[in-house]
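Novice: First the structure, which I've put down as structure tokens, then a few questions once you've had a look.
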Amino acid sequence: MPAWRRLLRAALALPPAYAGLLLLLLLAAAMRPQLLSAMLLPLIARQAAPLGLAVIGQSLVMRARSIDLSSGGVIVAVSYLLTSGYFEVSDATAMGLCVALGLVVGVVNGVLIVQTRASSMIVTLAVSMVLTGIVVALSQFRAPGDAPEFLRELARLRVGGVPLPVLVWLGALVPAALLLRHSAYGRSLDAVGSNPQAAALSGLPHLRVVFAGHVASALVSVLCGFILVGFVGKGSITLGQDLALNSLAAAILGGVNFGSGRGGMAGPAVAAFMLTFLFNFLTSLGLGEPGRLMLQGAIIAAAALVYSSRR
Amino acid sequence: MTALRSGIRRTTLALPVVLFALLALVAPGFLAPQNLANIIGQITALLIVSLGQMLVALVAGIDLSVGSVMSLAGSLVATQADPLLGIGLALLLGLLVGITNGLGVAVAGIHPLIMTLATATFLQGLAYLVLPIPGGQVPASLRGLVSSTLWGVPQPLLWCALCAGAVGLLLHHTRLGLHLFAVGAQARSAQLNGVPVVAVTVSAYVACSLLAVVAGIYLAARVASGDPTMGANFGLESVTAVALGGVQLTGGVGSVLGVLTGALSLGLITNGINLFGISPFLRGALTGVLLLAAVCAQRRKVVGL
């Protein structure tokens, strides 16, 4: 087969995120070139960092044929813990408490999904409901306040022109990609995802793989919460509510489907940037919240359709 | 109708009875006729939606878009001056959504959770487009259908009885009902036996969306205005109600009586929260805990999604 044909085949097999991003950049260059300026692009990348992190966690659990939609609840809880001053502790201790909370949520998710075999979407949605409900109830007594100075600084700093949150994102992305490609956990994840029964019969720790994925995903949600709280500057009950669905859309667009992951970690990262750029583009065109939601739903359905037709 | 197919166990029936007895003894003002009428009025919407959710659960599916369908139907009815036009549009919407969900799940092979989540998000955006902020005015003729009594019986009770009766008739006296149970229990066998699996699955999703539209119209008429986020919690609450009612989410097992007990239990718990003066904001948290308990009590072989 001639080389150009091989190249074309490889290009067509790429996840939709790459083509989508290319198309989007071309459209932006034609209609809203200011979005591609050196001033706005780093800001968009910074805005994409929480989504990029969430996608890392989401692709880990999706490869194991599970899903984690509890990031909304975890982020709201983190935001409240950090800003309400409910416990009279230092900022560092509060952040440590948040990590502990993430661990607890991840363990609860993992145990319920692995032991009782309940549907992971329902379990994680319910856990998110419980967390959000508790925070909303507590907010009536003690409103969320200002974010810790450390996190606000983290959101503002740039290192060599690159915003710090983007570096945090890359700092999590590279080890995750290496973990997936070269570690035993990564291989087990691929095996468990493509055929759980065969993996279990072959002696792979099927349940532990899924469990570890959920704990990791919850901890990643805590990190997203830290960054988002730093962005906004104060606690908020509505923080990060659309992160769960967006991470699902970005993961599917980036080539990760339930049980398989052909895009590695690069595809979902590109998809996260693409989605953030898309939402900024749509806002610049005057499309509001209704249009954004409709597009989100259409993207998830279309991406899922593309992947089910490829199988 | 054997116990195997209805999914009703002693605990399923005991739960609402125990709750009723508990609240009658402990909660102040529970047995007042106004409170009891309130309970019926409040669980009607949940019951109607849960009946639809049961139909989809019977074919091993799930429909998370019912909440958005309710919101959109309510918003449509509240923004159209002519009640017939509003109802007609809403029913058409239900038909289209049901067909889309059903085709996505049965033909394209998309997982029902993903498909209905996508539909739910899309429809929520549409609801905001139709009615950006709570408002609108539901026509008076429609309002009159939900708030008073007819022949001495409170109208919500009639809505409940009508929908429960219709679904019960569908399940136990039509061929479609039999096919629903067959497809849910073992789709491959059903197909080999000549059951049109795709048509049956699509019908289940269409019925679910239509019932959600009815519930949305009821709720909008009861509140007398529209709210684009009116149905937001009903998706997960209906899953809780059917799970509490013994319906297996893996398909093939369920009954109208089960849904009745599940919706009643949930309604009694909510009423208890109000009567005890617990923060209404904790209701979401409590529903989440109930959902976890109900879903974890069901047995499944697959781990994950």
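Labeling convention for the structure tokens: chains A, B, ... as they appear, residues from 1 per chain, ligands from 1 in order of appearance.
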Which polymer residues have any atom within 8 Å of an atom of A:Ile237, counting only C-alpha atoms, with same-chain residues fewer than 4 positions away left out, as a ChimeraX atom specification?
Specialist: /A:76,79-80,132,135-136
Novice: Could you build a table of the residues in stretch 223-295 of chain B lying no more than 9 Å from stretch 35-40 of chain B, giving for each the nearest pair of atoms and their separation in Å rounded to one decimal place, using only C-alpha atoms, ordered by chain and ascending residue number, as CSV?
Specialist:
residue,atom,partner,partner_atom,distance
B:Leu264,CA,B:Ile40,CA,8.7
B:Gly267,CA,B:Ile39,CA,6.6
B:Leu268,CA,B:Ile39,CA,7.3
B:Thr270,CA,B:Ile39,CA,9.0
B:Asn271,CA,B:Ile39,CA,6.8
Novice: List every residue of stretch 83-298 of chain A that DSSP, applied to the backbone, labels as strand (DSSP E or B), and write the result as a list in words.
Specialist: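 Restricting stretch 83-298 of chain A to strand (DSSP E or B) produces Asp146, Arg158, Val159, Val162, Pro163, Lys234, Val256, Asn257, Ser260 and Gly261 of chain A.
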Novice: Write to file, as an mmCIF file, in the first residue's frame, the residues of the selection just made, with C-alpha atoms.
Specialist:
data_model
loop_
_atom_site.group_PDB
_atom_site.id
_atom_site.type_symbol
_atom_site.label_atom_id
_atom_site.label_comp_id
_atom_site.auth_asym_id
_atom_site.auth_seq_id
_atom_site.Cartn_x
_atom_site.Cartn_y
_atom_site.Cartn_z
ATOM 1 C CA ASP A 146 -13.254 33.585 49.861
ATOM 2 C CA ARG A 158 2.572 32.073 34.781
ATOM 3 C CA VAL A 159 5.843 30.265 34.309
ATOM 4 C CA VAL A 162 2.476 29.379 30.329
ATOM 5 C CA PRO A 163 -0.250 29.575 32.992
ATOM 6 C CA LYS A 234 -14.589 32.242 46.269
ATOM 7 C CA VAL A 256 -11.849 6.532 24.694
ATOM 8 C CA ASN A 257 -14.960 4.396 24.648
ATOM 9 C CA SER A 260 -11.308 0.557 24.873
ATOM 10 C CA GLY A 261 -8.966 3.453 24.551
#
Novice: Could you please select, counting only C-alpha atoms, the residues of chain B within 7 Å of chain A and state them as JSON, numbers by chain?
Specialist: {"B": [108, 109, 110, 115, 118, 119, 121, 122, 123, 124, 125, 126, 128, 129, 279, 281, 282, 284, 285, 286, 288, 289, 291, 292, 295, 296, 300, 301, 302, 303, 304, 305]}
Novice: Which is closest to A:Gly186 among A:Leu40, A:Phe273, A:Gly230, A:Val209, if we use only C-alpha atoms?
Specialist: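 Closest to A:Gly186 of all the choices is A:Val209.
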